[in-house]
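**Student:** Sending over input_11.cif (mmCIF, C-alpha atoms (C1' of nucleotides)).
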```cif
data_start
#
loop_
_atom_site.label_atom_id
_atom_site.label_comp_id
_atom_site.auth_asym_id
_atom_site.auth_seq_id
_atom_site.Cartn_x
_atom_site.Cartn_y
_atom_site.Cartn_z
CA MET U 711 69.16 80.77 40.19
CA SER U 712 69.44 77.12 39.51
CA ALA U 713 72.22 75.23 41.22
CA GLU U 714 72.89 72.45 38.76
CA PRO U 715 71.69 71.78 35.24
CA LEU U 716 69.03 69.11 35.34
CA PRO U 717 69.73 66.20 33.04
CA ARG U 718 67.38 66.12 30.13
CA GLN U 719 65.27 63.09 30.64
CA VAL U 720 61.69 62.07 30.22
CA GLY U 721 59.30 59.68 31.86
CA HIS U 722 58.88 56.21 30.48
CA PRO U 723 56.16 53.96 31.89
CA LEU U 724 57.36 50.81 33.60
CA PRO U 725 56.27 47.48 32.10
CA ASP U 726 53.58 46.98 34.73
CA GLU U 727 52.24 50.42 34.00
CA LEU U 728 51.48 49.69 30.35
CA ARG U 729 47.80 49.95 29.52
CA LEU U 730 46.43 47.98 26.60
CA THR U 731 43.91 50.61 25.51
CA GLU U 732 46.60 53.28 25.61
CA VAL U 733 48.88 51.13 23.45
CA LEU U 734 46.08 50.46 20.98
CA HIS U 735 45.22 54.13 20.86
CA ALA U 736 48.83 55.02 20.16
CA LEU U 737 48.91 52.51 17.30
CA ALA U 738 45.55 53.62 15.89
CA ASP U 739 47.07 56.55 14.05
CA PRO U 740 48.58 56.03 10.59
CA LEU U 741 51.55 58.26 11.25
CA ARG U 742 52.39 56.67 14.59
CA LEU U 743 51.88 53.21 13.18
CA SER U 744 54.32 54.00 10.39
CA ILE U 745 56.84 55.21 12.97
CA VAL U 746 56.55 51.95 14.89
CA ALA U 747 56.77 49.92 11.69
CA THR U 748 59.89 51.78 10.59
CA LEU U 749 61.51 51.25 13.99
CA ALA U 750 60.66 47.56 13.87
CA ASP U 751 62.05 47.20 10.36
CA SER U 752 65.28 48.98 11.12
CA GLY U 753 65.76 47.28 14.47
CA ALA U 754 67.91 50.20 15.53
CA GLU U 755 67.70 53.55 17.21
CA LEU U 756 66.51 56.35 14.95
CA SER U 757 66.37 60.06 15.46
CA CYS U 758 63.04 61.82 15.02
CA SER U 759 64.27 63.51 11.87
CA ALA U 760 65.23 60.19 10.31
CA PHE U 761 61.58 59.43 9.56
CA HIS U 762 60.92 62.33 7.19
CA LEU U 763 57.36 62.64 8.40
CA PRO U 764 54.96 64.80 6.36
CA VAL U 765 54.19 67.02 9.36
CA THR U 766 55.88 69.89 11.13
CA LYS U 767 58.40 69.45 13.92
CA SER U 768 55.91 70.28 16.64
CA THR U 769 53.42 67.72 15.36
CA SER U 770 56.21 65.18 15.18
CA THR U 771 57.14 65.89 18.79
CA HIS U 772 53.51 65.33 19.73
CA HIS U 773 53.34 61.91 18.10
CA PHE U 774 56.61 60.72 19.59
CA ARG U 775 55.41 61.78 23.01
CA VAL U 776 52.20 59.78 22.60
CA LEU U 777 54.26 56.74 21.63
CA ARG U 778 56.63 57.21 24.55
CA GLU U 779 53.90 57.74 27.14
CA ALA U 780 52.09 54.65 25.90
CA GLY U 781 55.31 52.69 26.38
CA LEU U 782 55.90 51.87 22.73
CA VAL U 783 59.19 53.67 22.27
CA ARG U 784 62.19 54.48 24.39
CA GLN U 785 63.81 57.87 23.95
CA ARG U 786 67.22 59.15 24.92
CA TYR U 787 69.24 62.17 23.96
CA GLU U 788 72.36 61.97 21.88
CA GLY U 789 73.67 65.43 21.31
CA THR U 790 70.83 67.49 19.89
CA ALA U 791 69.14 64.43 18.49
CA ARG U 792 66.53 62.37 20.27
CA MET U 793 67.05 58.72 19.54
CA ASN U 794 64.03 56.44 19.46
CA SER U 795 63.91 52.69 19.82
CA LEU U 796 61.10 50.20 20.03
CA ARG U 797 60.40 48.68 23.46
CA ARG U 798 59.82 45.30 21.89
CA GLU U 799 60.89 43.14 24.82
CA ASP U 800 58.76 45.03 27.32
CA LEU U 801 55.76 44.94 25.01
CA ASP U 802 56.19 41.25 24.23
CA ALA U 803 56.39 40.49 27.93
CA VAL U 804 53.19 42.31 28.81
CA PHE U 805 51.20 41.85 25.59
CA PRO U 806 52.55 38.68 23.96
CA GLY U 807 52.16 38.59 20.21
CA LEU U 808 50.40 41.92 20.00
CA LEU U 809 53.16 43.90 18.36
CA ALA U 810 53.98 41.10 15.94
CA SER U 811 50.42 40.77 14.69
CA VAL U 812 49.95 44.52 14.38
CA LEU U 813 53.19 44.88 12.43
CA ALA U 814 52.32 41.95 10.19
CA SER U 815 48.88 43.43 9.54
CA ALA U 816 50.36 46.84 8.82
CA LYS U 817 52.79 45.44 6.30
CA GLN U 818 50.31 44.62 3.55
CA MET M 1210 32.12 28.35 6.05
CA SER M 1211 29.34 29.50 3.81
CA ALA M 1212 30.12 31.94 1.05
CA GLU M 1213 26.99 33.82 1.96
CA PRO M 1214 27.51 37.54 1.33
CA LEU M 1215 27.30 39.78 4.33
CA PRO M 1216 24.11 41.74 4.70
CA ARG M 1217 25.04 45.13 3.33
CA GLN M 1218 21.84 46.90 4.25
CA VAL M 1219 23.19 48.04 7.62
CA GLY M 1220 26.64 49.01 6.45
CA HIS M 1221 29.02 46.18 7.22
CA PRO M 1222 32.43 46.60 5.60
CA LEU M 1223 33.58 43.74 3.40
CA PRO M 1224 36.75 41.91 4.46
CA ASP M 1225 38.90 43.76 1.96
CA GLU M 1226 37.53 47.03 3.23
CA LEU M 1227 38.80 46.52 6.79
CA ARG M 1228 41.34 49.12 7.83
CA LEU M 1229 43.84 48.27 10.53
CA THR M 1230 43.92 51.72 12.11
CA GLU M 1231 40.12 51.78 12.23
CA VAL M 1232 40.07 48.38 13.94
CA LEU M 1233 42.70 49.48 16.45
CA HIS M 1234 40.81 52.68 17.13
CA ALA M 1235 37.62 50.73 17.74
CA LEU M 1236 39.47 48.48 20.20
CA ALA M 1237 41.20 51.38 21.94
CA ASP M 1238 38.18 52.18 24.08
CA PRO M 1239 37.66 50.30 27.34
CA LEU M 1240 33.93 49.93 26.84
CA ARG M 1241 34.21 48.67 23.27
CA LEU M 1242 37.07 46.37 24.22
CA SER M 1243 34.92 44.86 26.95
CA ILE M 1244 32.12 44.34 24.43
CA VAL M 1245 34.46 42.49 22.08
CA ALA M 1246 35.88 40.44 24.96
CA THR M 1247 32.41 39.47 26.13
CA LEU M 1248 31.41 38.44 22.62
CA ALA M 1249 34.58 36.39 22.26
CA ASP M 1250 34.01 34.69 25.61
CA SER M 1251 30.40 33.84 24.92
CA GLY M 1252 31.05 32.77 21.35
CA ALA M 1253 27.43 33.50 20.58
CA GLU M 1254 25.17 36.26 19.40
CA LEU M 1255 24.24 38.75 22.09
CA SER M 1256 21.72 41.54 22.10
CA CYS M 1257 22.93 45.03 22.96
CA SER M 1258 21.07 44.93 26.24
CA ALA M 1259 22.77 41.71 27.30
CA PHE M 1260 25.96 43.59 28.13
CA HIS M 1261 24.59 45.78 30.91
CA LEU M 1262 26.88 48.63 29.98
CA PRO M 1263 27.26 51.53 32.41
CA VAL M 1264 26.09 54.05 29.80
CA THR M 1265 22.79 55.15 28.38
CA LYS M 1266 21.07 53.46 25.45
CA SER M 1267 22.13 56.15 22.99
CA THR M 1268 25.78 55.90 24.00
CA SER M 1269 25.52 52.14 23.68
CA THR M 1270 24.15 52.50 20.17
CA HIS M 1271 27.08 54.74 19.32
CA HIS M 1272 29.69 52.22 20.47
CA PHE M 1273 28.06 49.32 18.66
CA ARG M 1274 27.99 51.38 15.50
CA VAL M 1275 31.71 52.12 15.81
CA LEU M 1276 32.38 48.41 16.22
CA ARG M 1277 30.19 47.51 13.26
CA GLU M 1278 31.66 50.13 10.94
CA ALA M 1279 35.18 49.01 11.84
CA GLY M 1280 34.18 45.46 10.90
CA LEU M 1281 34.52 43.96 14.36
CA VAL M 1282 30.92 42.91 14.89
CA ARG M 1283 28.08 41.73 12.72
CA GLN M 1284 24.61 42.97 13.55
CA ARG M 1285 21.21 41.66 12.57
CA TYR M 1286 17.73 42.26 13.80
CA GLU M 1287 15.74 39.63 15.63
CA GLY M 1288 12.41 41.07 16.61
CA THR M 1289 13.09 44.24 18.53
CA ALA M 1290 16.54 43.09 19.54
CA ARG M 1291 19.73 43.72 17.63
CA MET M 1292 21.92 40.68 17.83
CA ASN M 1293 25.70 41.15 17.78
CA SER M 1294 28.34 38.62 16.90
CA LEU M 1295 32.08 38.83 16.50
CA ARG M 1296 33.44 38.69 12.93
CA ARG M 1297 36.26 36.48 14.06
CA GLU M 1298 36.84 34.61 10.79
CA ASP M 1299 36.93 37.77 8.72
CA LEU M 1300 39.29 39.46 11.14
CA ASP M 1301 41.57 36.45 11.38
CA ALA M 1302 41.73 36.26 7.60
CA VAL M 1303 42.74 39.89 7.17
CA PHE M 1304 44.68 40.48 10.40
CA PRO M 1305 45.99 37.06 11.48
CA GLY M 1306 46.54 36.74 15.20
CA LEU M 1307 45.54 40.30 15.97
CA LEU M 1308 42.27 39.58 17.72
CA ALA M 1309 43.73 36.68 19.68
CA SER M 1310 46.60 38.72 21.07
CA VAL M 1311 44.38 41.66 21.91
CA LEU M 1312 41.91 39.42 23.71
CA ALA M 1313 44.66 37.63 25.57
CA SER M 1314 46.17 40.95 26.61
CA ALA M 1315 42.79 42.27 27.72
CA LYS M 1316 42.15 39.24 29.89
CA GLN M 1317 44.63 40.02 32.62
"C1'" DT I 65 -5.97 48.73 20.85
"C1'" DG I 66 -2.63 50.15 23.74
"C1'" DG I 67 1.51 49.19 26.56
"C1'" DT I 68 6.16 47.41 26.98
"C1'" DT I 69 10.62 46.35 25.28
"C1'" DG I 70 14.82 47.33 22.62
"C1'" DG I 71 16.96 50.21 19.95
"C1'" DT I 72 17.62 54.55 16.66
"C1'" DA I 73 17.79 59.59 15.34
"C1'" DC I 74 18.85 64.00 16.42
"C1'" DG I 75 20.81 67.68 18.83
"C1'" DA I 76 23.75 69.47 22.43
"C1'" DT I 77 27.94 69.63 25.22
"C1'" DA I 78 32.34 68.97 27.00
"C1'" DA I 79 36.66 66.65 26.24
"C1'" DT I 80 40.16 65.06 23.47
"C1'" DC I 81 43.16 65.32 19.63
"C1'" DA I 82 45.99 66.36 15.41
"C1'" DA I 83 47.77 69.95 13.25
"C1'" DC I 84 50.02 74.40 12.99
"C1'" DG I 85 53.19 78.68 14.06
"C1'" DT I 86 56.20 81.00 16.91
"C1'" DA I 87 59.49 81.19 20.24
"C1'" DC I 88 63.07 79.01 22.69
"C1'" DA I 89 66.57 75.73 24.51
"C1'" DA I 90 70.43 72.36 24.15
"C1'" DC I 91 74.18 70.85 21.70
"C1'" DG I 92 77.98 70.68 18.24
"C1'" DA I 93 80.71 73.02 14.95
"C1'" DT I 94 82.65 77.00 12.96
"C1'" DA K 243 80.78 83.96 20.58
"C1'" DT K 244 77.74 82.88 16.97
"C1'" DC K 245 75.45 79.80 13.93
"C1'" DG K 246 73.04 75.74 12.30
"C1'" DT K 247 70.77 71.53 13.77
"C1'" DT K 248 67.34 69.22 16.38
"C1'" DG K 249 63.81 69.06 19.13
"C1'" DT K 250 60.57 71.23 23.06
"C1'" DA K 251 57.08 74.50 25.07
"C1'" DC K 252 53.14 77.04 24.54
"C1'" DG K 253 49.09 78.64 22.63
"C1'" DT K 254 45.52 78.07 19.01
"C1'" DT K 255 42.36 76.09 15.78
"C1'" DG K 256 39.32 72.80 13.67
"C1'" DA K 257 37.84 68.05 13.78
"C1'" DT K 258 36.49 64.14 16.13
"C1'" DT K 259 34.54 61.88 20.03
"C1'" DA K 260 32.00 60.24 24.23
"C1'" DT K 261 28.33 61.33 26.64
"C1'" DC K 262 23.72 62.64 27.53
"C1'" DG K 263 18.47 63.69 26.99
"C1'" DT K 264 14.45 63.71 24.39
"C1'" DA K 265 11.78 62.03 20.98
"C1'" DC K 266 10.72 58.42 18.14
"C1'" DC K 267 10.01 53.77 15.78
"C1'" DA K 268 9.27 48.80 15.20
"C1'" DA K 269 8.06 44.49 17.05
"C1'" DC K 270 5.91 41.84 20.32
"C1'" DC K 271 2.26 40.92 23.90
"C1'" DA K 272 -1.93 41.25 26.61
#
```
Could you render the structure as structure tokens?
**Tutor:**
Amino acid sequence: MSAEPLPRQVGHPLPDELRLTEVLHALADPLRLSIVATLADSGAELSCSAFHLPVTKSTSTHHFRVLREAGLVRQRYEGTARMNSLRREDLDAVFPGLLASVLASAKQ
Amino acid sequence: MSAEPLPRQVGHPLPDELRLTEVLHALADPLRLSIVATLADSGAELSCSAFHLPVTKSTSTHHFRVLREAGLVRQRYEGTARMNSLRREDLDAVFPGLLASVLASAKQ
DNA sequence: TGGTTGGTACGATAATCAACGTACAACGAT
DNA sequence: ATCGTTGTACGTTGATTATCGTACCAACCA
């Protein structure tokens, strides 16, 4: 018997916990790279379902978790939806210029 | 900047064949990232054995092949040694700023 | 000629990973 | 209360990967 309902929340790495190889690995997947590029283009929070990814829901959950655990995206709940946003400031602070060059390279 | 064609006999991708996700995947391994960083620091050709990697020869061969097939390093034979050099110009032309930001991020 | 050096080829193994389906949970609306 | 929406948890499968050992090859040297 649980006393109180635990708030739904997930672990985000702090800026000083970001690992370059983990970030690169997260970006080294076409689907995840497209997610990051879409977030960067929109500049806003987007729900997982807003991406219309060509995979099932469970696979989508997997990819968003990889991105979150690498520190690339921030996630928070809004109703039933999970809103995703790019951690651009944190990434720019720790890995200056990295995100910009990756996004520029992905654009062509 | 000679227009000399790359030696194709060992399977080097041409500049327009470079794939961003493949490059990121090649860099998303600590050992391979250290190889690239060492090559960038030295600015010269280095034999495989010059890196003193904490893996066996066959594993070393594997990692250098991944780097070559992703287009990150150029390899040529010199006697029994295989000399490796960074394809910095090619990478900068196709993915401007990418290598620089990765190397800068890897340095700290 | 034979040994040493530097690297490759091949095969094996254990780990990781992307993808799926099913079941379920949280929330909002009916 | 039930239903639809949205996403998670769990277990599985097939592919890829990092690692190794052994055997081998090609070039140089004594």
**Student:** Output as a ChimeraX atom specification the set of chain M residues within 9 Å of chain U, with distances taken over all atoms listed in the file.
**Tutor:** /M:1229-1239,1242,1303-1311,1313-1315
**Student:** For Val776 (chain U), list every protein, DNA or RNA residue within 9 Å, evaluated using all atoms listed in the file, and leave out those in the same chain fewer than 5 positions away; present the list as a list in words.
**Tutor:** Ala736, Arg742, Thr771, Gly781 and Leu782 of chain U
**Student:** What are the coordinates of chain U as a PDB file with C-alpha atoms, in the coordinates of the input following a least-squares fit to chain M on all in-order C-alpha atoms?
**Tutor:**
```pdb
ATOM      1  CA  MET U 711       6.569  49.895  -4.613  1.00  0.00           C
ATOM      2  CA  SER U 712       9.236  47.459  -3.709  1.00  0.00           C
ATOM      3  CA  ALA U 713       9.147  44.072  -5.366  1.00  0.00           C
ATOM      4  CA  GLU U 714      10.770  41.891  -2.752  1.00  0.00           C
ATOM      5  CA  PRO U 715      11.797  42.497   0.834  1.00  0.00           C
ATOM      6  CA  LEU U 716      15.534  42.974   0.974  1.00  0.00           C
ATOM      7  CA  PRO U 717      17.253  40.686   3.436  1.00  0.00           C
ATOM      8  CA  ARG U 718      18.555  42.552   6.405  1.00  0.00           C
ATOM      9  CA  GLN U 719      22.269  42.366   6.145  1.00  0.00           C
ATOM     10  CA  VAL U 720      25.230  44.587   6.722  1.00  0.00           C
ATOM     11  CA  GLY U 721      28.684  44.991   5.301  1.00  0.00           C
ATOM     12  CA  HIS U 722      31.589  43.232   6.911  1.00  0.00           C
ATOM     13  CA  PRO U 723      35.118  43.988   5.719  1.00  0.00           C
ATOM     14  CA  LEU U 724      36.988  41.084   4.183  1.00  0.00           C
ATOM     15  CA  PRO U 725      40.182  39.944   5.920  1.00  0.00           C
ATOM     16  CA  ASP U 726      42.393  41.721   3.398  1.00  0.00           C
ATOM     17  CA  GLU U 727      40.444  44.895   3.942  1.00  0.00           C
ATOM     18  CA  LEU U 728      41.242  45.119   7.649  1.00  0.00           C
ATOM     19  CA  ARG U 729      43.225  48.207   8.557  1.00  0.00           C
ATOM     20  CA  LEU U 730      45.423  48.144  11.631  1.00  0.00           C
ATOM     21  CA  THR U 731      44.810  51.765  12.616  1.00  0.00           C
ATOM     22  CA  GLU U 732      41.067  51.262  12.276  1.00  0.00           C
ATOM     23  CA  VAL U 733      41.231  48.184  14.509  1.00  0.00           C
ATOM     24  CA  LEU U 734      43.304  50.038  17.088  1.00  0.00           C
ATOM     25  CA  HIS U 735      40.922  52.961  16.996  1.00  0.00           C
ATOM     26  CA  ALA U 736      37.971  50.657  17.544  1.00  0.00           C
ATOM     27  CA  LEU U 737      39.714  49.115  20.555  1.00  0.00           C
ATOM     28  CA  ALA U 738      40.793  52.480  21.978  1.00  0.00           C
ATOM     29  CA  ASP U 739      37.430  53.097  23.587  1.00  0.00           C
ATOM     30  CA  PRO U 740      36.690  51.647  27.033  1.00  0.00           C
ATOM     31  CA  LEU U 741      33.161  50.643  26.155  1.00  0.00           C
ATOM     32  CA  ARG U 742      34.127  48.946  22.902  1.00  0.00           C
ATOM     33  CA  LEU U 743      37.076  47.265  24.543  1.00  0.00           C
ATOM     34  CA  SER U 744      34.779  45.866  27.213  1.00  0.00           C
ATOM     35  CA  ILE U 745      32.458  44.561  24.496  1.00  0.00           C
ATOM     36  CA  VAL U 746      35.337  42.766  22.796  1.00  0.00           C
ATOM     37  CA  ALA U 747      36.593  41.412  26.113  1.00  0.00           C
ATOM     38  CA  THR U 748      33.149  40.096  27.010  1.00  0.00           C
ATOM     39  CA  LEU U 749      32.805  38.427  23.610  1.00  0.00           C
ATOM     40  CA  ALA U 750      36.230  36.851  23.987  1.00  0.00           C
ATOM     41  CA  ASP U 751      35.433  35.595  27.476  1.00  0.00           C
ATOM     42  CA  SER U 752      32.108  34.108  26.520  1.00  0.00           C
ATOM     43  CA  GLY U 753      33.381  32.629  23.274  1.00  0.00           C
ATOM     44  CA  ALA U 754      29.834  32.688  21.974  1.00  0.00           C
ATOM     45  CA  GLU U 755      27.428  34.868  20.089  1.00  0.00           C
ATOM     46  CA  LEU U 756      25.792  37.560  22.196  1.00  0.00           C
ATOM     47  CA  SER U 757      22.982  39.925  21.454  1.00  0.00           C
ATOM     48  CA  CYS U 758      23.593  43.645  21.867  1.00  0.00           C
ATOM     49  CA  SER U 759      21.299  43.759  24.870  1.00  0.00           C
ATOM     50  CA  ALA U 760      23.232  41.002  26.613  1.00  0.00           C
ATOM     51  CA  PHE U 761      26.008  43.443  27.505  1.00  0.00           C
ATOM     52  CA  HIS U 762      23.963  45.779  29.701  1.00  0.00           C
ATOM     53  CA  LEU U 763      25.969  48.766  28.567  1.00  0.00           C
ATOM     54  CA  PRO U 764      25.592  52.022  30.526  1.00  0.00           C
ATOM     55  CA  VAL U 765      24.507  53.932  27.412  1.00  0.00           C
ATOM     56  CA  THR U 766      21.328  54.311  25.419  1.00  0.00           C
ATOM     57  CA  LYS U 767      20.324  51.995  22.598  1.00  0.00           C
ATOM     58  CA  SER U 768      21.368  54.424  19.896  1.00  0.00           C
ATOM     59  CA  THR U 769      24.823  54.858  21.401  1.00  0.00           C
ATOM     60  CA  SER U 770      25.116  51.102  21.671  1.00  0.00           C
ATOM     61  CA  THR U 771      24.228  50.732  18.000  1.00  0.00           C
ATOM     62  CA  HIS U 772      26.946  53.248  17.192  1.00  0.00           C
ATOM     63  CA  HIS U 773      29.642  51.326  19.041  1.00  0.00           C
ATOM     64  CA  PHE U 774      28.687  47.983  17.546  1.00  0.00           C
ATOM     65  CA  ARG U 775      28.809  49.517  14.097  1.00  0.00           C
ATOM     66  CA  VAL U 776      32.319  50.847  14.718  1.00  0.00           C
ATOM     67  CA  LEU U 777      33.399  47.378  15.826  1.00  0.00           C
ATOM     68  CA  ARG U 778      31.777  45.734  12.821  1.00  0.00           C
ATOM     69  CA  GLU U 779      33.195  48.172  10.275  1.00  0.00           C
ATOM     70  CA  ALA U 780      36.657  47.743  11.756  1.00  0.00           C
ATOM     71  CA  GLY U 781      36.273  43.988  11.319  1.00  0.00           C
ATOM     72  CA  LEU U 782      36.318  43.088  14.997  1.00  0.00           C
ATOM     73  CA  VAL U 783      32.860  41.588  15.255  1.00  0.00           C
ATOM     74  CA  ARG U 784      30.531  39.667  13.011  1.00  0.00           C
ATOM     75  CA  GLN U 785      26.837  40.460  13.191  1.00  0.00           C
ATOM     76  CA  ARG U 786      23.811  38.522  12.052  1.00  0.00           C
ATOM     77  CA  TYR U 787      20.130  38.783  12.765  1.00  0.00           C
ATOM     78  CA  GLU U 788      18.247  36.227  14.771  1.00  0.00           C
ATOM     79  CA  GLY U 789      14.678  37.311  15.085  1.00  0.00           C
ATOM     80  CA  THR U 790      14.689  40.844  16.444  1.00  0.00           C
ATOM     81  CA  ALA U 791      18.043  40.341  18.080  1.00  0.00           C
ATOM     82  CA  ARG U 792      21.380  41.119  16.504  1.00  0.00           C
ATOM     83  CA  MET U 793      23.897  38.494  17.452  1.00  0.00           C
ATOM     84  CA  ASN U 794      27.534  39.496  17.756  1.00  0.00           C
ATOM     85  CA  SER U 795      30.592  37.297  17.639  1.00  0.00           C
ATOM     86  CA  LEU U 796      34.286  38.000  17.662  1.00  0.00           C
ATOM     87  CA  ARG U 797      36.142  37.564  14.355  1.00  0.00           C
ATOM     88  CA  ARG U 798      39.060  35.990  16.153  1.00  0.00           C
ATOM     89  CA  GLU U 799      40.308  33.770  13.340  1.00  0.00           C
ATOM     90  CA  ASP U 800      40.281  36.565  10.781  1.00  0.00           C
ATOM     91  CA  LEU U 801      42.028  38.929  13.169  1.00  0.00           C
ATOM     92  CA  ASP U 802      44.628  36.351  14.172  1.00  0.00           C
ATOM     93  CA  ALA U 803      45.352  35.661  10.524  1.00  0.00           C
ATOM     94  CA  VAL U 804      45.925  39.290   9.613  1.00  0.00           C
ATOM     95  CA  PHE U 805      47.288  40.645  12.906  1.00  0.00           C
ATOM     96  CA  PRO U 806      48.859  37.671  14.700  1.00  0.00           C
ATOM     97  CA  GLY U 807      48.919  37.994  18.457  1.00  0.00           C
ATOM     98  CA  LEU U 808      47.349  41.424  18.499  1.00  0.00           C
ATOM     99  CA  LEU U 809      43.993  40.476  19.937  1.00  0.00           C
ATOM    100  CA  ALA U 810      45.543  38.163  22.509  1.00  0.00           C
ATOM    101  CA  SER U 811      47.891  40.804  23.870  1.00  0.00           C
ATOM    102  CA  VAL U 812      45.196  43.470  23.952  1.00  0.00           C
ATOM    103  CA  LEU U 813      42.806  41.159  25.790  1.00  0.00           C
ATOM    104  CA  ALA U 814      45.502  40.102  28.234  1.00  0.00           C
ATOM    105  CA  SER U 815      46.387  43.742  28.878  1.00  0.00           C
ATOM    106  CA  ALA U 816      42.744  44.663  29.339  1.00  0.00           C
ATOM    107  CA  LYS U 817      42.200  41.931  31.880  1.00  0.00           C
ATOM    108  CA  GLN U 818      44.177  43.445  34.740  1.00  0.00           C
TER     109      GLN U 818
END
```
**Student:** Could you pull the residues within 9 Å of DG92 (chain I), counting all atoms listed in the file, minus those fewer than 4 positions along the same chain, as a list in words?
**Tutor:**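 Listing them by chain and then by number gives Gly789 and Thr790 of chain U; DT247 of chain K.
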**Student:** Please return, as an mmCIF file with C-alpha atoms, in the coordinates of the input, all residues of chain M lying within 10 Å of chain I when all atoms listed in the file are considered.
**Tutor:**
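Done, and the output landed in result_7.cif:
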```
data_model
loop_
_atom_site.group_PDB
_atom_site.id
_atom_site.type_symbol
_atom_site.label_atom_id
_atom_site.label_comp_id
_atom_site.auth_asym_id
_atom_site.auth_seq_id
_atom_site.Cartn_x
_atom_site.Cartn_y
_atom_site.Cartn_z
ATOM 1 C CA SER M 1256 21.720 41.540 22.100
ATOM 2 C CA CYS M 1257 22.930 45.030 22.960
ATOM 3 C CA SER M 1258 21.070 44.930 26.240
ATOM 4 C CA LYS M 1266 21.070 53.460 25.450
ATOM 5 C CA SER M 1267 22.130 56.150 22.990
ATOM 6 C CA SER M 1269 25.520 52.140 23.680
ATOM 7 C CA THR M 1270 24.150 52.500 20.170
ATOM 8 C CA HIS M 1271 27.080 54.740 19.320
ATOM 9 C CA GLY M 1288 12.410 41.070 16.610
ATOM 10 C CA THR M 1289 13.090 44.240 18.530
ATOM 11 C CA ALA M 1290 16.540 43.090 19.540
ATOM 12 C CA ARG M 1291 19.730 43.720 17.630
#
```
**Student:** Please write as a PyMOL selection string the full residue list that the PyMOL selection byres ((chain K) within 7 of (chain M)) yields on this file.
**Tutor:** chain K and resi 261+268-269
**Student:** Tell me, in Å to one decimal, how far CA of Met1292 (chain M) is from CA of Gly1220 (chain M).
**Tutor:**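 Between these atoms lies a distance of 14.9 Å.
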**Student:** Hey, can you check how far CA of Val1282 (chain M) sits from CA of Val746 (chain U)?
**Tutor:**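 The value is 27.2 Å.
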**Student:** How far is it from CA of Arg1297 (chain M) to CA of Ala1253 (chain M), in Å with one decimal?
**Tutor:**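 Going from CA of Arg1297 (chain M) over to CA of Ala1253 (chain M), I get 11.4 Å.
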**Student:** So, counting all atoms listed in the file, which residue among M:Leu1240, M:Thr1247, M:Arg1283, M:Pro1222 is closest to Lys1316 (chain M)?
**Tutor:**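 Looking only at the distances to Lys1316 (chain M), the closest residue turns out to be M:Thr1247.
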**Student:** Counting all atoms listed in the file, what is within 9 Å of Glu1254 (chain M), bar same-chain residues fewer than 3 positions away, as a list of chain:residue names?
**Tutor:** M:Leu1248, M:Ser1251, M:Gln1284, M:Met1292, M:Asn1293, M:Ser1294, M:Leu1295
